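Engineer: Supplied structure: structure.txt, compact mmCIF, C-alpha atoms.
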```txt
# COMPACT_ATOMS: atom_id res chain seq x y z
CA MET A 213 0.00 0.00 0.00
CA THR A 214 1.21 3.51 -0.83
CA ARG A 215 1.04 5.79 2.17
CA PRO A 216 2.54 9.25 2.68
CA THR A 217 5.75 9.19 4.71
CA SER A 218 5.22 12.74 5.97
CA ALA A 219 2.37 15.17 6.41
CA VAL A 220 0.47 15.85 3.17
CA PRO A 221 0.41 19.59 2.33
CA VAL A 222 -3.04 21.18 2.12
CA THR A 223 -3.84 24.27 0.03
CA ILE A 224 -7.06 26.20 0.63
CA LEU A 225 -8.65 28.21 -2.18
CA THR A 226 -11.03 30.85 -0.92
CA GLY A 227 -12.77 33.91 -2.32
CA PHE A 228 -16.21 35.36 -2.86
CA LEU A 229 -18.67 33.97 -5.39
CA GLY A 230 -17.52 34.32 -8.99
CA ALA A 231 -13.94 35.33 -8.19
CA GLY A 232 -12.45 32.42 -10.13
CA LYS A 233 -11.77 29.63 -7.61
CA THR A 234 -13.29 26.96 -9.85
CA THR A 235 -11.29 28.21 -12.84
CA LEU A 236 -8.07 27.88 -10.84
CA LEU A 237 -9.01 24.45 -9.52
CA LYS A 238 -9.83 23.20 -13.00
CA ARG A 239 -6.51 24.48 -14.32
CA ILE A 240 -4.74 22.34 -11.73
CA LEU A 241 -6.83 19.24 -12.45
CA ASP A 242 -6.48 19.63 -16.21
CA ASP A 243 -2.70 19.70 -15.87
CA PRO A 244 -1.60 18.10 -12.56
CA GLN A 245 2.04 18.02 -13.71
CA GLY A 246 2.61 14.59 -12.23
CA VAL A 247 1.14 15.39 -8.82
CA ARG A 248 -1.62 13.18 -7.40
CA TYR A 249 -4.20 15.52 -5.86
CA GLY A 250 -7.01 14.92 -3.47
CA VAL A 251 -9.67 17.62 -3.90
CA LEU A 252 -12.48 18.64 -1.57
CA VAL A 253 -15.21 20.96 -2.85
CA ASN A 254 -18.62 22.00 -1.65
CA ASP A 255 -20.56 21.24 -4.79
CA PHE A 256 -19.62 19.22 -7.85
CA GLY A 257 -22.25 21.02 -9.86
CA ALA A 258 -20.04 24.09 -10.04
CA ILE A 259 -17.13 22.21 -11.59
CA ASN A 260 -17.09 21.21 -15.24
CA ILE A 261 -14.69 18.28 -15.12
CA ASP A 262 -13.75 17.18 -18.63
CA ALA A 263 -15.41 13.87 -19.49
CA ASP A 264 -12.16 12.36 -20.75
CA LEU A 265 -10.62 12.88 -17.31
CA VAL A 266 -13.34 10.96 -15.47
CA VAL A 267 -12.61 7.29 -14.79
CA GLU A 268 -15.55 6.59 -12.50
CA SER A 269 -18.15 8.62 -10.66
CA GLU A 270 -19.89 7.79 -7.40
CA ALA A 271 -22.37 9.68 -5.27
CA ASP A 272 -19.82 11.88 -3.55
CA GLN A 273 -16.59 11.45 -5.47
CA VAL A 274 -15.11 11.40 -8.95
CA SER A 275 -11.94 9.50 -9.83
CA LEU A 276 -9.86 11.09 -12.57
CA SER A 277 -7.52 9.48 -15.07
CA ASN A 278 -4.60 11.61 -13.86
CA GLY A 279 -4.69 9.83 -10.50
CA CYS A 280 -6.53 12.61 -8.71
CA VAL A 281 -9.76 12.16 -6.80
CA CYS A 282 -12.39 14.87 -6.29
CA CYS A 283 -14.80 14.61 -3.36
CA SER A 284 -17.75 16.70 -2.28
CA ILE A 285 -17.80 17.80 1.35
CA GLN A 286 -20.96 16.22 2.72
CA SER A 287 -19.61 15.20 6.11
CA ASP A 288 -17.32 16.63 8.73
CA LEU A 289 -14.22 18.08 7.10
CA VAL A 290 -11.92 16.08 9.35
CA ASP A 291 -13.62 12.87 8.20
CA ALA A 292 -13.38 13.96 4.57
CA ILE A 293 -9.64 14.65 4.83
CA ASP A 294 -9.13 11.42 6.76
CA GLY A 295 -10.90 9.57 3.96
CA LEU A 296 -8.60 11.06 1.35
CA LEU A 297 -5.50 10.20 3.36
CA ALA A 298 -6.70 6.62 3.76
CA ARG A 299 -6.93 6.06 0.02
CA ASP A 300 -4.44 3.85 -1.78
CA PRO A 301 -2.58 5.47 -3.36
CA ALA A 302 -2.77 8.41 -1.00
CA PRO A 303 -2.81 11.94 -2.46
CA GLU A 304 0.46 13.84 -2.58
CA ARG A 305 -1.32 17.15 -2.04
CA ILE A 306 -4.85 18.12 -0.95
CA LEU A 307 -6.79 21.07 -2.37
CA ILE A 308 -9.83 22.49 -0.60
CA GLU A 309 -12.11 24.83 -2.51
CA ALA A 310 -14.00 26.76 0.15
CA SER A 311 -17.53 27.95 -0.39
CA GLY A 312 -17.79 31.45 -1.79
CA VAL A 313 -19.51 32.57 1.40
CA SER A 314 -17.25 30.79 3.89
CA ARG A 315 -14.24 31.97 5.86
CA PRO A 316 -10.89 30.20 5.43
CA LEU A 317 -9.53 30.27 8.98
CA PRO A 318 -12.05 27.77 10.44
CA ILE A 319 -11.06 25.41 7.62
CA ALA A 320 -7.40 25.90 8.45
CA ASP A 321 -8.13 25.24 12.13
CA THR A 322 -9.59 21.87 11.13
CA LEU A 323 -6.10 20.72 10.18
CA GLU A 324 -5.11 21.01 13.84
CA ALA A 325 -7.50 18.17 14.77
CA PRO A 326 -5.75 15.34 16.66
CA GLU A 327 -6.82 12.84 13.99
CA LEU A 328 -4.83 14.74 11.36
CA GLN A 329 -1.68 15.55 13.33
CA GLY A 330 1.40 14.46 11.41
CA ARG A 331 -0.78 13.44 8.46
CA ALA A 332 -1.91 16.76 6.94
CA VAL A 333 -0.45 20.23 7.27
CA LEU A 334 -1.57 23.63 5.99
CA ASP A 335 0.64 24.71 3.10
CA GLY A 336 -1.08 27.92 2.04
CA ILE A 337 -4.33 29.89 1.81
CA PHE A 338 -4.94 31.68 -1.48
CA CYS A 339 -7.83 34.11 -1.86
CA LEU A 340 -9.21 35.11 -5.25
CA VAL A 341 -10.77 38.54 -5.61
CA ASP A 342 -12.73 39.73 -8.64
CA GLY A 343 -10.82 42.80 -9.75
CA GLU A 344 -13.63 43.89 -12.04
CA GLY A 345 -16.63 43.17 -9.80
CA PHE A 346 -15.30 43.90 -6.30
CA ALA A 347 -16.54 47.51 -6.34
CA ASP A 348 -20.09 46.33 -7.13
CA LEU A 349 -20.41 44.14 -4.02
CA ASP A 350 -22.82 45.34 -1.39
CA PHE A 351 -21.64 46.16 2.12
CA ALA A 352 -22.14 42.68 3.59
CA ALA A 353 -20.46 40.95 0.66
CA THR A 354 -17.56 43.41 0.75
CA GLU A 355 -17.06 42.78 4.46
CA LEU A 356 -17.02 39.03 3.87
CA ALA A 357 -14.60 39.34 0.95
CA ILE A 358 -12.24 41.44 3.06
CA GLU A 359 -12.47 38.89 5.88
CA GLN A 360 -11.58 36.13 3.40
CA VAL A 361 -8.58 38.20 2.32
CA SER A 362 -7.45 38.85 5.89
CA GLY A 363 -7.34 35.12 6.60
CA SER A 364 -5.27 34.35 3.52
CA ASP A 365 -1.55 34.30 2.78
CA VAL A 366 -1.64 35.53 -0.82
CA VAL A 367 -4.38 37.32 -2.78
CA LEU A 368 -4.92 36.71 -6.48
CA LEU A 369 -6.57 39.85 -7.87
CA ASN A 370 -8.28 38.06 -10.72
CA LYS A 371 -9.84 39.29 -13.98
CA ALA A 372 -7.14 41.95 -14.15
CA ASP A 373 -7.55 42.09 -17.92
CA ALA A 374 -11.21 43.12 -17.60
CA ALA A 375 -10.61 45.93 -15.10
CA SER A 376 -8.97 49.29 -15.56
CA GLU A 377 -5.78 50.24 -13.77
CA ALA A 378 -7.80 52.66 -11.63
CA GLN A 379 -10.20 49.88 -10.62
CA LEU A 380 -7.37 47.51 -9.72
CA ALA A 381 -5.51 50.17 -7.77
CA ALA A 382 -8.67 51.03 -5.82
CA VAL A 383 -9.23 47.38 -4.88
CA GLU A 384 -5.60 46.98 -3.82
CA GLN A 385 -5.83 50.10 -1.68
CA THR A 386 -8.98 48.82 0.01
CA LEU A 387 -7.51 45.39 0.69
CA LYS A 388 -4.18 46.72 1.92
CA GLY A 389 -5.79 49.24 4.25
CA PRO A 390 -5.86 46.88 7.25
CA GLN A 391 -2.88 44.85 5.97
CA PRO A 392 -0.17 46.99 4.36
CA ALA A 393 2.12 43.98 3.89
CA LEU A 394 -0.51 41.94 2.04
CA ARG A 395 0.87 40.05 -0.96
CA ILE A 396 -1.31 40.69 -4.00
CA ILE A 397 -0.74 39.19 -7.44
CA ARG A 398 -2.79 40.37 -10.42
CA THR A 399 -4.02 37.44 -12.50
CA ARG A 400 -6.01 36.78 -15.65
CA PHE A 401 -8.31 33.76 -15.72
CA ALA A 402 -6.77 32.57 -12.41
CA GLU A 403 -3.46 31.83 -14.12
CA ILE A 404 -0.59 31.66 -11.65
CA PRO A 405 2.76 29.79 -11.74
CA ARG A 406 2.75 26.55 -9.78
CA GLU A 407 5.92 27.73 -8.04
CA VAL A 408 3.89 30.45 -6.34
CA LEU A 409 0.99 28.18 -5.47
CA PHE A 410 2.93 25.20 -4.22
CA GLY A 411 6.55 26.23 -4.00
CA ALA A 412 7.57 23.17 -5.98
CA HIS A 413 10.41 22.93 -8.49
CA MET A 414 11.58 26.49 -7.89
CA GLY A 415 14.53 26.76 -10.25
CA ALA A 416 16.59 29.69 -11.39
CA ARG A 417 13.56 31.31 -12.91
CA ALA A 418 9.83 30.95 -12.44
CA GLU A 419 8.53 29.93 -15.81
CA PRO A 420 4.89 30.18 -16.90
CA ASP A 421 2.80 27.07 -17.25
CA HIS A 422 2.38 26.30 -20.95
CA GLY A 423 0.36 23.15 -20.39
CA HIS A 424 -3.04 24.81 -20.04
CA ASP A 425 -5.67 25.47 -22.61
CA HIS A 426 -5.88 29.22 -22.23
CA HIS A 427 -9.05 29.43 -24.29
CA HIS A 428 -11.05 27.30 -21.88
CA CYS A 429 -12.75 28.78 -18.84
CA THR A 430 -15.31 27.39 -16.41
CA ASP A 431 -15.98 30.64 -14.60
CA PRO A 432 -19.66 31.39 -15.28
CA HIS A 433 -18.99 35.11 -14.86
CA CYS A 434 -16.21 35.18 -17.42
CA THR A 435 -17.21 36.47 -20.86
CA HIS A 436 -13.80 37.54 -22.12
CA GLU A 437 -11.60 35.93 -24.72
CA HIS A 438 -8.57 34.26 -23.16
CA HIS A 439 -5.04 35.34 -23.95
CA HIS A 440 -1.93 33.78 -22.54
CA HIS A 441 -0.37 35.91 -19.80
CA ASP A 442 3.36 35.27 -19.50
CA HIS A 443 4.48 35.32 -15.87
CA ALA A 444 8.11 34.57 -16.73
CA ASP A 445 9.12 38.21 -16.54
CA GLU A 446 7.01 38.88 -13.44
CA PHE A 447 8.69 36.45 -11.03
CA GLU A 448 12.23 35.36 -10.34
CA ALA A 449 13.75 32.79 -8.02
CA TRP A 450 16.88 32.78 -5.88
CA SER A 451 18.64 29.90 -4.17
CA TRP A 452 21.37 29.38 -1.58
CA GLN A 453 23.32 26.32 -0.47
CA SER A 454 26.01 25.55 2.06
CA GLU A 455 27.83 22.33 2.90
CA ARG A 456 28.53 23.71 6.37
CA PRO A 457 25.94 23.47 9.17
CA VAL A 458 24.03 26.54 10.30
CA ASP A 459 23.78 28.11 13.71
CA ALA A 460 20.13 27.71 14.75
CA ASP A 461 19.88 31.11 16.48
CA ARG A 462 21.51 32.96 13.60
CA LEU A 463 19.28 31.10 11.16
CA ARG A 464 16.12 32.18 12.97
CA ALA A 465 17.31 35.79 12.94
CA GLY A 466 18.23 35.55 9.28
CA LEU A 467 14.89 34.07 8.29
CA ARG A 468 13.03 36.78 10.20
CA ALA A 469 15.01 39.35 8.19
CA LEU A 470 13.91 37.99 4.81
CA PRO A 471 12.23 40.74 2.74
CA ALA A 472 8.45 40.99 2.93
CA SER A 473 8.31 40.98 -0.87
CA LEU A 474 8.96 37.23 -1.07
CA MET A 475 5.95 35.16 -2.13
CA ARG A 476 7.36 31.72 -1.40
CA ALA A 477 10.40 30.25 0.32
CA LYS A 478 11.39 26.76 1.38
CA GLY A 479 14.50 25.64 3.15
CA ILE A 480 16.02 22.54 4.76
CA PHE A 481 19.01 23.09 7.02
CA ARG A 482 21.56 21.04 8.94
CA ALA A 483 21.94 22.49 12.43
CA ALA A 484 25.36 22.44 14.09
CA SER A 485 24.02 21.70 17.56
CA ALA A 486 21.74 18.71 17.03
CA ASP A 487 21.27 15.61 14.94
CA GLU A 488 18.09 16.91 13.33
CA ARG A 489 17.07 19.09 10.46
CA LEU A 490 15.41 22.49 10.47
CA VAL A 491 12.69 23.05 7.89
CA PHE A 492 11.53 26.54 6.90
CA HIS A 493 8.36 27.29 4.97
CA LEU A 494 7.07 30.71 3.88
CA VAL A 495 3.96 31.47 1.87
CA GLY A 496 2.85 35.07 1.61
CA LYS A 497 2.73 36.66 5.03
CA ARG A 498 3.01 33.41 7.01
CA ALA A 499 6.22 31.62 7.88
CA ARG A 500 7.14 28.71 10.13
CA THR A 501 10.31 26.90 11.14
CA THR A 502 10.10 23.38 12.52
CA ARG A 503 12.55 20.85 13.91
CA GLU A 504 12.30 17.37 12.45
CA LYS A 505 13.85 14.24 13.93
CA GLU A 506 15.13 13.12 10.57
CA THR A 507 18.59 12.72 9.13
CA PRO A 508 19.99 16.21 8.49
CA PRO A 509 20.74 17.02 4.86
CA ALA A 510 24.34 16.95 3.69
CA VAL A 511 23.78 20.42 2.23
CA SER A 512 21.64 23.17 3.74
CA SER A 513 19.55 24.95 1.14
CA LEU A 514 16.99 27.72 0.76
CA VAL A 515 14.97 28.62 -2.33
CA ALA A 516 12.77 31.71 -2.65
CA ILE A 517 10.55 33.29 -5.26
CA GLY A 518 9.23 36.84 -5.56
CA ARG A 519 8.41 39.50 -8.07
CA ARG A 520 11.29 40.34 -10.36
CA GLY A 521 13.24 43.25 -8.92
CA SER A 522 11.55 43.09 -5.51
CA PHE A 523 14.58 41.64 -3.72
CA ASN A 524 18.36 41.72 -4.00
CA GLY A 525 19.79 38.26 -4.50
CA ALA A 526 23.29 39.26 -3.38
CA GLU A 527 21.90 40.66 -0.12
CA LEU A 528 19.94 37.46 0.48
CA THR A 529 23.10 35.44 -0.07
CA ARG A 530 25.01 37.57 2.45
CA LEU A 531 22.14 37.22 4.91
CA MET A 532 22.21 33.43 4.70
CA ASP A 533 26.02 33.20 4.66
CA ALA A 534 25.95 34.92 8.04
CA CYS A 535 23.91 32.02 9.42
CA VAL A 536 26.65 29.47 8.84
CA ALA A 537 28.05 28.11 12.11
CA GLY A 538 31.54 29.25 13.06
CA ASP A 539 31.48 32.47 11.04
CA ALA A 540 31.75 35.83 12.73
```
So, in terms of structure tokens, how does the structure I just supplied come out?
Structural biologist:
Amino acid sequence: MTRPTSAVPVTILTGFLGAGKTTLLKRILDDPQGVRYGVLVNDFGAINIDADLVVESEADQVSLSNGCVCCSIQSDLVDAIDGLLARDPAPERILIEASGVSRPLPIADTLEAPELQGRAVLDGIFCLVDGEGFADLDFAATELAIEQVSGSDVVLLNKADAASEAQLAAVEQTLKGPQPALRIIRTRFAEIPREVLFGAHMGARAEPDHGHDHHHCTDPHCTHEHHHHDHADEFEAWSWQSERPVDADRLRAGLRALPASLMRAKGIFRAASADERLVFHLVGKRARTTREKETPPAVSSLVAIGRRGSFNGAELTRLMDACVAGDA
């Protein structure tokens, strides 16, 4: 039986009705890029899963030919996640599409349930906002949308092609009012590099995803012709490695000093003082460092991604070099 050897990362997609969550989810399912996903949604009726992807369909789940499974949330969320983790093969990543009128933090709190400890871990909360329609929301809907944003790590200001620069700037100003450090990425048709969403395969440069059909959209509110939006010039990645162990205290200080402009960062470090590894994870405004009782890596490494020009790679290298044990 194939079972995960470590906690399965969970990504939550939130946002008000019509913002583009289903479009983003379908992009991922249409092109999983070798990842086996487990997906939890509130209503299958909102998702137009291509018929050629469907292997079998039951009352509350659909098995897809790419190895993914999509389940409707009809029971307690803990039970639903537990059911996904118990599958063979188990998913490598879980996606949760929250209801358009729900708040993401209670969903994130679910992952702290004792039944899921060590089996599932929150990887990131991404909130989609309709850049064109946000200004037309009534007071209650606007308050809810802002609350969804406040509970998220990164905001995708979607439908940026259908809104004017003045509209987009006004939405960004409203959203950043209570959170000046909020990470906002403008998107078209919910198109975002996988490196930003999942932090995976972050190489020397964040390349756009060419595997999607950019003329296909399942967003019922979308009436615009699709054009490919190249993110290659928008994001860049930086990496650091050292064969020497790091000083844990210096590392913590160095990681706290990372620039707020970074969207994603992942690191695995060999500490000088203990036979364990330190794992760092940053997504948007949230970061965590954990100690793991596993064999330390031979080489400590850190990879980060942000908007092109928003950080100085040489300064980041100096910052991390100062964390190496034994250096002044």
Engineer: If you count only C-alpha atoms, which residues fall within 8 Å of stretch 221-230 of chain A, apart from same-chain ones fewer than 5 positions away, as a ChimeraX atom specification?
Structural biologist: /A:304-316,320,332-342,353,356-357,360-361,431-433
Engineer: To one decimal place in Å, what is the distance between atom CA of A:Gly246 and atom CA of A:Glu403?
Structural biologist: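 Straight-line distance from atom CA of A:Gly246 to atom CA of A:Glu403 works out to 18.4 Å.
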Engineer: Which of these, A:Ser451, A:Ser275, A:Thr501, A:Thr529, has the shortest distance to A:Val515 once you count all atoms listed in the file?
Structural biologist: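 The closest residue to A:Val515 is A:Ser451.
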Engineer: Env of stretch 532-534 of chain A: 10 Å cut, atoms = all atoms listed in the file, seq-sep filter 4 positions within chain, self excluded. Answer as a tab-separated table (two decimals) with C-alpha atoms, in the frame of the given file.
Structural biologist:
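So out_30.tsv came out as:
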```tsv
chain	number	residue	atom	x	y	z
A	452	TRP	CA	21.37	29.38	-1.58
A	453	GLN	CA	23.32	26.32	-0.47
A	454	SER	CA	26.01	25.55	2.06
A	456	ARG	CA	28.53	23.71	6.37
A	458	VAL	CA	24.03	26.54	10.30
A	459	ASP	CA	23.78	28.11	13.71
A	462	ARG	CA	21.51	32.96	13.60
A	463	LEU	CA	19.28	31.10	11.16
A	465	ALA	CA	17.31	35.79	12.94
A	466	GLY	CA	18.23	35.55	9.28
A	467	LEU	CA	14.89	34.07	8.29
A	469	ALA	CA	15.01	39.35	8.19
A	470	LEU	CA	13.91	37.99	4.81
A	513	SER	CA	19.55	24.95	1.14
A	514	LEU	CA	16.99	27.72	0.76
A	527	GLU	CA	21.90	40.66	-0.12
A	528	LEU	CA	19.94	37.46	0.48
A	538	GLY	CA	31.54	29.25	13.06
A	539	ASP	CA	31.48	32.47	11.04
A	540	ALA	CA	31.75	35.83	12.73
```
Engineer: Between A:Gly343, A:Gly330, A:Gly389, A:Gly411, single out the one closest to A:Glu504, counting only C-alpha atoms.
Structural biologist: A:Gly330
Engineer: Please provide as an NGL selection string all residues within 12 Å of A:Phe523, with the sequence filter that same-chain residues fewer than 5 positions apart are discarded (counting only C-alpha atoms).
Structural biologist: :A and (447-450 or 470-475 or 516-518 or 528-529)
Engineer: Of the candidates A:Ala393, A:Ala325, A:Val367, A:Ala510, which shows the shortest atom-to-atom distance to A:Lys233, using only C-alpha atoms?
Structural biologist: A:Val367
Engineer: Of the candidates A:Ala292, A:Ala486, A:Val511, A:Leu531, which shows the shortest atom-to-atom distance to A:Arg468, using all atoms listed in the file?
Structural biologist: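 Smallest distance to A:Arg468 is found for A:Leu531.
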Engineer: Closest to A:Ile480 among A:Thr502, A:Ile397, A:Lys497, A:Asp461, using only C-alpha atoms?
Structural biologist: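 Of all the options, A:Thr502 lies closest to A:Ile480.
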Engineer: Please, what distance in Å, to one decimal, runs between atom CA of A:Thr507 and atom CA of A:Arg248?
Structural biologist: 26.1 Å
Engineer: At most 6 Å from (-18.0, 21.7, -1.6), file frame, all atoms listed in the file: which residues, as a list in words?
Structural biologist: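 Counting all atoms listed in the file, I find these residues within 6 Å of (-18.0, 21.7, -1.6): Val253, Asn254, Asp255, Ser284 and Ile285 of chain A.
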Engineer: Find, counting all atoms listed in the file, the residue in A:Ala460, A:Ala374, A:Leu380, A:Ala477 that gets nearest to A:Arg489.
Structural biologist: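 Of A:Ala460, A:Ala374, A:Leu380, A:Ala477, the one nearest A:Arg489 is A:Ala460, counting all atoms listed in the file.
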Engineer: What's the separation between atom CA of A:Pro244 and atom CA of A:Arg520, in Å to one decimal place?
Structural biologist: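 Atom-to-atom, atom CA of A:Pro244 to atom CA of A:Arg520, that is 25.8 Å.
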Engineer: How big is the axis-aligned box, and where does its centre sit, when it encloses all atoms of stretch 322-339 of chain A listed in the file and has 6 Å added on every side, reported in Å to one decimal as lines of an AutoDock Vina configuration file?
Structural biologist:
```
center_x = -4.1
center_y = 23.5
center_z = 7.4
size_x = 23.0
size_y = 33.3
size_z = 30.5
```
